[in-house]
Amino acid sequence: MTVPLLSVADLRVGFATQRGLLRAVDGVSFDLAEGQTLGIVGESGSGKSVTAKTLMNLLPSYAQVEGSVTFDARDVMAMAAQGERHFWGVEMTMVFQDPMTSLNPVKKVGEQVAESLRVHLKRSRKEAREESVDLLQQVGIPEPKKRLGQYPHELSGGLRQRVVIAMSLACSPRLLIADEPTTALDVTVQKHILDLLDELREERGMAMILITHDLGVVKGRADQIMVMYAGRTMEQADTATLFSEMRHPYTEALLETIPRIDMASHTRLVPIPGNPPDAVDLGPGCPFAQRCRYCSAACLPDQPDLKQYDHGRVCACHTPVGTEAGVAAHVANRESGVTPAGLDMGTFTPVEEKA
Ligand SMILES: Nc1ncnc2c1ncn2[C@@H]1O[C@H](COP(=O)(O)OP(=O)(O)O)[C@@H](O)[C@H]1O
Ligand SMILES: [Mg+2]
């Protein structure tokens with residue numbers, strides 16, 4: 001076994017709110033090997049960005065963090081406590097959904113790309129400028145010399161995100177975290193940016209964490225996928241296994257929300273009924289139980305642990321898809337028309353079949 005580049009063990013992040021402790025991340029563990037891509041997928045509010053921000057040491061000071069994060073055998077939390085300056089932005093970098101999070105609107109693009117090179121790598125002005133041209137070229141920006149003299153507002157959203165990617169690559173990171181990097185962009189631009197990230201990762205042998213609410217985005221691009229819900233890992237598997245035989249009903253439900261281009265226009269798109277639970281007051285039981293068509297009586301009082309299945313996959317469910325327990329629960333719910341959590345099974349009928 002090779003030692004992973006990044007190892008996250010039992011990570012918990014809480015925020016004290018007036019209503020009580022909000023458990024944004026509740027016991028997440030994963031390993032990421034050098035050069036590999038982990039996809040983190042889940043609906044809005046499931047704890048994806050908080051996980052990323054924890055790794056990047058970007059949480060507000062009032063966040064309560066437990067667990068351990070190890071990068072190349074170094075304790076990341078200890079580095080944060082010691083005020084380590086040349087780790088974040090150098091070995092581990094991050095690209096956010098909105099490029100303007102990372103760009104200064106009143107500074108020319110050239111100065112911003114050159115900054116990391118000057119600060120962390122101690123390049124001279126001239127060297128930094130030359131390397132900046134190179135970097136913009138690598139991320140597919142046409143006329144890079146001209147772009148360096150422009151301000152962010154003079155660029156399109158897609159070009160701005162390319163600039164941010166160039167900045168994040170400046171110091172040749174070993175891990176790039178991309179948090180919904182294309183969610184704010186046009187559909188046509190999205191694919192270009194995702195392909196670019198994948199090419200750069202491959203060329204540079206970089207590892208990547210690709211965060212998205214859309215399982216379709218990570219389908220051909222991630223080696224491993226972790227599905228998060230209510231701050232917890234619901235299922236984790238290598239990508240091929242996850243797509244060919246997912247075990248968690250939440251994964252299956254997410255998959256049904258992806259439009260499929262290989263199907264005719266009457267493709268069944270089934271939205272997941274209801275909303276994610278309130279992370280302040282989760283109560284006992286499985287956090288997905290209220291929205292799950294495989295829900296059984298055991299799911300309401302008893303939160304399922306993550307269990308190991310075949311092909312190294314893990315899943316936290318009492319009635320996994322494709323297992324005897326899962327099939328039995330689904331049949332029972334269909335027959336009674338309602339789940340033990342009170343969910344109407346008719347909610348799962350695709351829109352066209354109802355009509
Ligand atoms: N700084 C914060 N203070 C309090 N609550 C927060 C903070 N950041 C995130 N949260 C809460 O943590 C939960 C997870 O958020 P987040 O990780 O941003 O979700 P997502 O999966 O959409 O990225 C949400 O309930 C969110 O409201
Ligand atoms: Mg987010």
# chains A, B, ... in the order shown; residues from 1 in each chain; ligands from 1
$ residues_around --residues "Phe30 of chain A" --least-positions-apart "4" --cutoff "10 Å" --atoms "only C-alpha atoms" --output "ChimeraX atom specification"
/A:4,6-11,38,69,224,226,233,236
$ select_by_dssp --residues "segment 36-195 of chain A" --states "helix (DSSP H, G or I)" --output "ChimeraX atom specification"
/A:48-55,76-81,99-101,109-121,125-138,144-148,152-154,157-169,187-195
$ residues_around --residues "segment 322-329 of chain A" --least-positions-apart "2" --cutoff "10 Å" --atoms "only C-alpha atoms" --output "JSON list (two decimals) with N, CA and C atoms, in the first residue's frame"
[["chain", "number", "residue", "atom", "x", "y", "z"],
["A", 245, "GLU", "N", -23.33, 0.06, -9.82],
["A", 245, "GLU", "CA", -24.22, -0.53, -8.82],
["A", 245, "GLU", "C", -24.12, 0.25, -7.52],
["A", 246, "MET", "N", -24.77, 1.41, -7.51],
["A", 246, "MET", "CA", -24.76, 2.20, -6.28],
["A", 246, "MET", "C", -25.54, 1.44, -5.21],
["A", 247, "ARG", "N", -25.15, 1.63, -3.97],
["A", 247, "ARG", "CA", -25.82, 0.96, -2.86],
["A", 247, "ARG", "C", -26.74, 1.92, -2.10],
["A", 248, "HIS", "N", -26.38, 3.18, -2.03],
["A", 248, "HIS", "CA", -27.18, 4.08, -1.19],
["A", 248, "HIS", "C", -28.37, 4.66, -1.97],
["A", 249, "PRO", "N", -29.56, 4.60, -1.36],
["A", 249, "PRO", "CA", -30.73, 5.18, -2.00],
["A", 249, "PRO", "C", -30.55, 6.67, -2.35],
["A", 293, "ARG", "N", -37.23, 6.25, -0.47],
["A", 293, "ARG", "CA", -38.28, 5.27, -0.82],
["A", 293, "ARG", "C", -37.94, 3.86, -0.32],
["A", 294, "TYR", "N", -36.71, 3.68, 0.21],
["A", 294, "TYR", "CA", -36.31, 2.38, 0.77],
["A", 294, "TYR", "C", -36.41, 2.38, 2.29],
["A", 295, "CYS", "N", -36.98, 3.45, 2.83],
["A", 295, "CYS", "CA", -37.03, 3.60, 4.29],
["A", 295, "CYS", "C", -37.74, 2.42, 4.95],
["A", 296, "SER", "N", -37.12, 1.88, 6.02],
["A", 296, "SER", "CA", -37.75, 0.81, 6.79],
["A", 296, "SER", "C", -37.92, 1.30, 8.23],
["A", 297, "ALA", "N", -38.62, 0.52, 9.03],
["A", 297, "ALA", "CA", -38.87, 0.94, 10.41],
["A", 297, "ALA", "C", -37.56, 1.18, 11.17],
["A", 317, "CYS", "N", -26.28, 2.60, 5.32],
["A", 317, "CYS", "CA", -27.70, 2.39, 5.03],
["A", 317, "CYS", "C", -28.15, 1.05, 5.60],
["A", 318, "HIS", "N", -29.36, 1.02, 6.17],
["A", 318, "HIS", "CA", -29.91, -0.25, 6.65],
["A", 318, "HIS", "C", -30.51, -1.08, 5.51],
["A", 319, "THR", "N", -30.92, -0.41, 4.43],
["A", 319, "THR", "CA", -31.63, -1.09, 3.35],
["A", 319, "THR", "C", -31.01, -0.73, 2.00],
["A", 320, "PRO", "N", -29.74, -1.10, 1.79],
["A", 320, "PRO", "CA", -29.04, -0.65, 0.57],
["A", 320, "PRO", "C", -29.70, -1.15, -0.71],
["A", 331, "VAL", "N", -40.31, -2.97, -1.85],
["A", 331, "VAL", "CA", -41.55, -3.66, -2.19],
["A", 331, "VAL", "C", -42.63, -3.34, -1.15],
["A", 332, "ALA", "N", -42.25, -3.42, 0.13],
["A", 332, "ALA", "CA", -43.22, -3.16, 1.20],
["A", 332, "ALA", "C", -43.77, -1.73, 1.08],
["A", 333, "ASN", "N", -42.90, -0.78, 0.79],
["A", 333, "ASN", "CA", -43.34, 0.62, 0.67],
["A", 333, "ASN", "C", -44.25, 0.82, -0.54],
["A", 334, "ARG", "N", -43.92, 0.14, -1.64],
["A", 334, "ARG", "CA", -44.77, 0.27, -2.84],
["A", 334, "ARG", "C", -46.16, -0.29, -2.56],
["A", 335, "GLU", "N", -46.15, -1.42, -1.87],
["A", 335, "GLU", "CA", -47.45, -2.06, -1.59],
["A", 335, "GLU", "C", -48.32, -1.21, -0.67],
["A", 339, "THR", "N", -44.14, 5.30, 3.00],
["A", 339, "THR", "CA", -43.00, 4.74, 3.74],
["A", 339, "THR", "C", -43.24, 4.90, 5.24],
["A", 340, "PRO", "N", -42.45, 4.18, 6.07],
["A", 340, "PRO", "CA", -42.61, 4.35, 7.53],
["A", 340, "PRO", "C", -42.38, 5.79, 7.97]]
$ residues_near_ligand --ligand "ligand 2" --cutoff "9 Å" --atoms "only C-alpha atoms and all ligand atoms" --output "MDAnalysis selection string"
chainID A and resid 43:50 52 96:97 179:180 211:213
$ closest_atom_pairs --of "segment 83-179 of chain A" --to "segment 186-197 of chain A" --cutoff "8 Å" --atoms "only C-alpha atoms" --output "CSV"
residue,atom,partner,partner_atom,distance
A:Val139,CA,A:Leu196,CA,7.0
A:Gly158,CA,A:Val189,CA,6.2
A:Arg162,CA,A:Ile193,CA,7.4
$ write_last_selection --atoms "N, CA and C atoms" --output "short mmCIF file (atom, residue, chain, number, x, y, z; two decimals), in the first residue's frame"
data_model
loop_
_atom_site.label_atom_id
_atom_site.label_comp_id
_atom_site.auth_asym_id
_atom_site.auth_seq_id
_atom_site.Cartn_x
_atom_site.Cartn_y
_atom_site.Cartn_z
N VAL A 139 -3.44 27.56 -19.50
CA VAL A 139 -4.87 27.41 -19.20
C VAL A 139 -5.73 27.85 -20.37
N GLY A 158 -15.78 32.87 -18.04
CA GLY A 158 -14.95 31.71 -18.32
C GLY A 158 -13.46 32.04 -18.29
N ARG A 162 -10.41 30.83 -15.78
CA ARG A 162 -9.12 30.33 -16.27
C ARG A 162 -7.96 31.07 -15.59
#
$ select_by_dssp --residues "segment 26-227 of chain A" --states "strand (DSSP E or B)" --output "mmCIF file with C-alpha atoms, in the first residue's frame"
data_model
loop_
_atom_site.group_PDB
_atom_site.id
_atom_site.type_symbol
_atom_site.label_atom_id
_atom_site.label_comp_id
_atom_site.auth_asym_id
_atom_site.auth_seq_id
_atom_site.Cartn_x
_atom_site.Cartn_y
_atom_site.Cartn_z
ATOM 1 C CA ASP A 26 -20.044 15.006 11.012
ATOM 2 C CA GLY A 27 -17.370 12.316 10.894
ATOM 3 C CA VAL A 28 -15.940 12.321 7.372
ATOM 4 C CA SER A 29 -12.918 10.173 6.444
ATOM 5 C CA PHE A 30 -11.149 9.628 3.144
ATOM 6 C CA ASP A 31 -7.737 9.080 1.588
ATOM 7 C CA LEU A 32 -6.502 10.564 -1.654
ATOM 8 C CA THR A 37 -9.200 12.693 -8.332
ATOM 9 C CA LEU A 38 -11.798 12.460 -5.585
ATOM 10 C CA GLY A 39 -15.274 13.721 -6.422
ATOM 11 C CA ILE A 40 -17.336 15.014 -3.496
ATOM 12 C CA VAL A 41 -21.020 15.117 -4.402
ATOM 13 C CA GLN A 64 -15.140 23.870 16.180
ATOM 14 C CA VAL A 65 -12.942 21.358 14.405
ATOM 15 C CA GLU A 66 -12.103 17.779 15.429
ATOM 16 C CA GLY A 67 -10.385 14.936 13.638
ATOM 17 C CA SER A 68 -7.139 14.804 11.729
ATOM 18 C CA VAL A 69 -5.875 15.875 8.336
ATOM 19 C CA THR A 70 -2.515 14.598 7.125
ATOM 20 C CA PHE A 71 -0.808 15.769 3.946
ATOM 21 C CA ARG A 74 2.487 16.269 7.844
ATOM 22 C CA ASP A 75 -0.219 17.256 10.326
ATOM 23 C CA TRP A 88 -1.676 26.790 1.367
ATOM 24 C CA MET A 92 -2.532 22.790 -1.687
ATOM 25 C CA THR A 93 -4.623 25.341 -3.577
ATOM 26 C CA MET A 94 -8.294 25.971 -4.203
ATOM 27 C CA VAL A 95 -10.531 27.253 -6.979
ATOM 28 C CA LEU A 175 -3.396 18.998 -4.610
ATOM 29 C CA LEU A 176 -5.955 21.282 -6.228
ATOM 30 C CA ILE A 177 -9.402 21.600 -4.645
ATOM 31 C CA ALA A 178 -12.043 22.790 -7.106
ATOM 32 C CA ASP A 179 -15.307 23.710 -5.337
ATOM 33 C CA ALA A 207 -4.226 15.251 -7.165
ATOM 34 C CA MET A 208 -7.626 16.903 -7.286
ATOM 35 C CA ILE A 209 -10.760 17.146 -5.189
ATOM 36 C CA LEU A 210 -13.644 18.040 -7.463
ATOM 37 C CA ILE A 211 -16.707 19.230 -5.569
ATOM 38 C CA THR A 212 -20.118 19.393 -7.219
ATOM 39 C CA GLN A 224 -13.273 7.892 -6.385
ATOM 40 C CA ILE A 225 -16.562 9.471 -5.399
ATOM 41 C CA MET A 226 -17.773 10.364 -1.935
ATOM 42 C CA VAL A 227 -21.472 11.151 -1.609
#
$ closest_residue --among "A:Gly220, A:Gly231, A:Gly157, A:Gly89" --to "ligand 1" --atoms "only C-alpha atoms and all ligand atoms"
A:Gly231
$ atom_distance --atom1 "atom 10 (N, counted along the ligand's line) of ligand 1" --atom2 "atom CA of Met234 of chain A"
19.1 Å
$ closest_residue --among "A:Asp198, A:Asp310, A:Asp305, A:Asp281" --to "ligand 1" --atoms "only C-alpha atoms and all ligand atoms"
A:Asp281
$ closest_residue --among "A:Thr183, A:Thr347, A:Gln82, A:Thr239" --to "Arg291 of chain A" --atoms "only C-alpha atoms"
A:Thr347
$ residues_around --residues "Leu255 of chain A" --least-positions-apart "6" --cutoff "10 Å" --atoms "only C-alpha atoms" --output "number ranges by chain"
A: 214-216, 243, 246, 249, 269-271
$ write_last_selection --atoms "N, CA and C atoms" --output "short mmCIF file (atom, residue, chain, number, x, y, z; two decimals), in the first residue's frame"
data_model
loop_
_atom_site.label_atom_id
_atom_site.label_comp_id
_atom_site.auth_asym_id
_atom_site.auth_seq_id
_atom_site.Cartn_x
_atom_site.Cartn_y
_atom_site.Cartn_z
N ASP A 214 -23.61 17.89 -8.76
CA ASP A 214 -24.08 17.20 -9.96
C ASP A 214 -23.23 15.95 -10.22
N LEU A 215 -23.83 14.78 -9.97
CA LEU A 215 -23.09 13.52 -10.18
C LEU A 215 -22.56 13.41 -11.61
N GLY A 216 -23.27 14.03 -12.57
CA GLY A 216 -22.85 13.99 -13.96
C GLY A 216 -21.48 14.62 -14.18
N PHE A 243 -21.26 4.02 -10.20
CA PHE A 243 -22.26 4.21 -11.25
C PHE A 243 -22.90 2.91 -11.71
N MET A 246 -24.77 1.41 -7.51
CA MET A 246 -24.76 2.20 -6.28
C MET A 246 -25.54 1.44 -5.21
N PRO A 249 -29.56 4.60 -1.36
CA PRO A 249 -30.73 5.18 -2.00
C PRO A 249 -30.55 6.67 -2.35
N LEU A 269 -36.95 12.31 -15.32
CA LEU A 269 -36.16 13.06 -14.36
C LEU A 269 -36.97 13.12 -13.09
N VAL A 270 -36.44 12.52 -12.04
CA VAL A 270 -37.21 12.46 -10.80
C VAL A 270 -36.54 13.32 -9.74
N PRO A 271 -37.11 14.46 -9.42
CA PRO A 271 -36.51 15.27 -8.35
C PRO A 271 -36.64 14.54 -7.01
#
$ residues_around --residues "segment 104-109 of chain A" --least-positions-apart "6" --cutoff "6 Å" --atoms "only C-alpha atoms" --output "ChimeraX atom specification"
/A:148-152
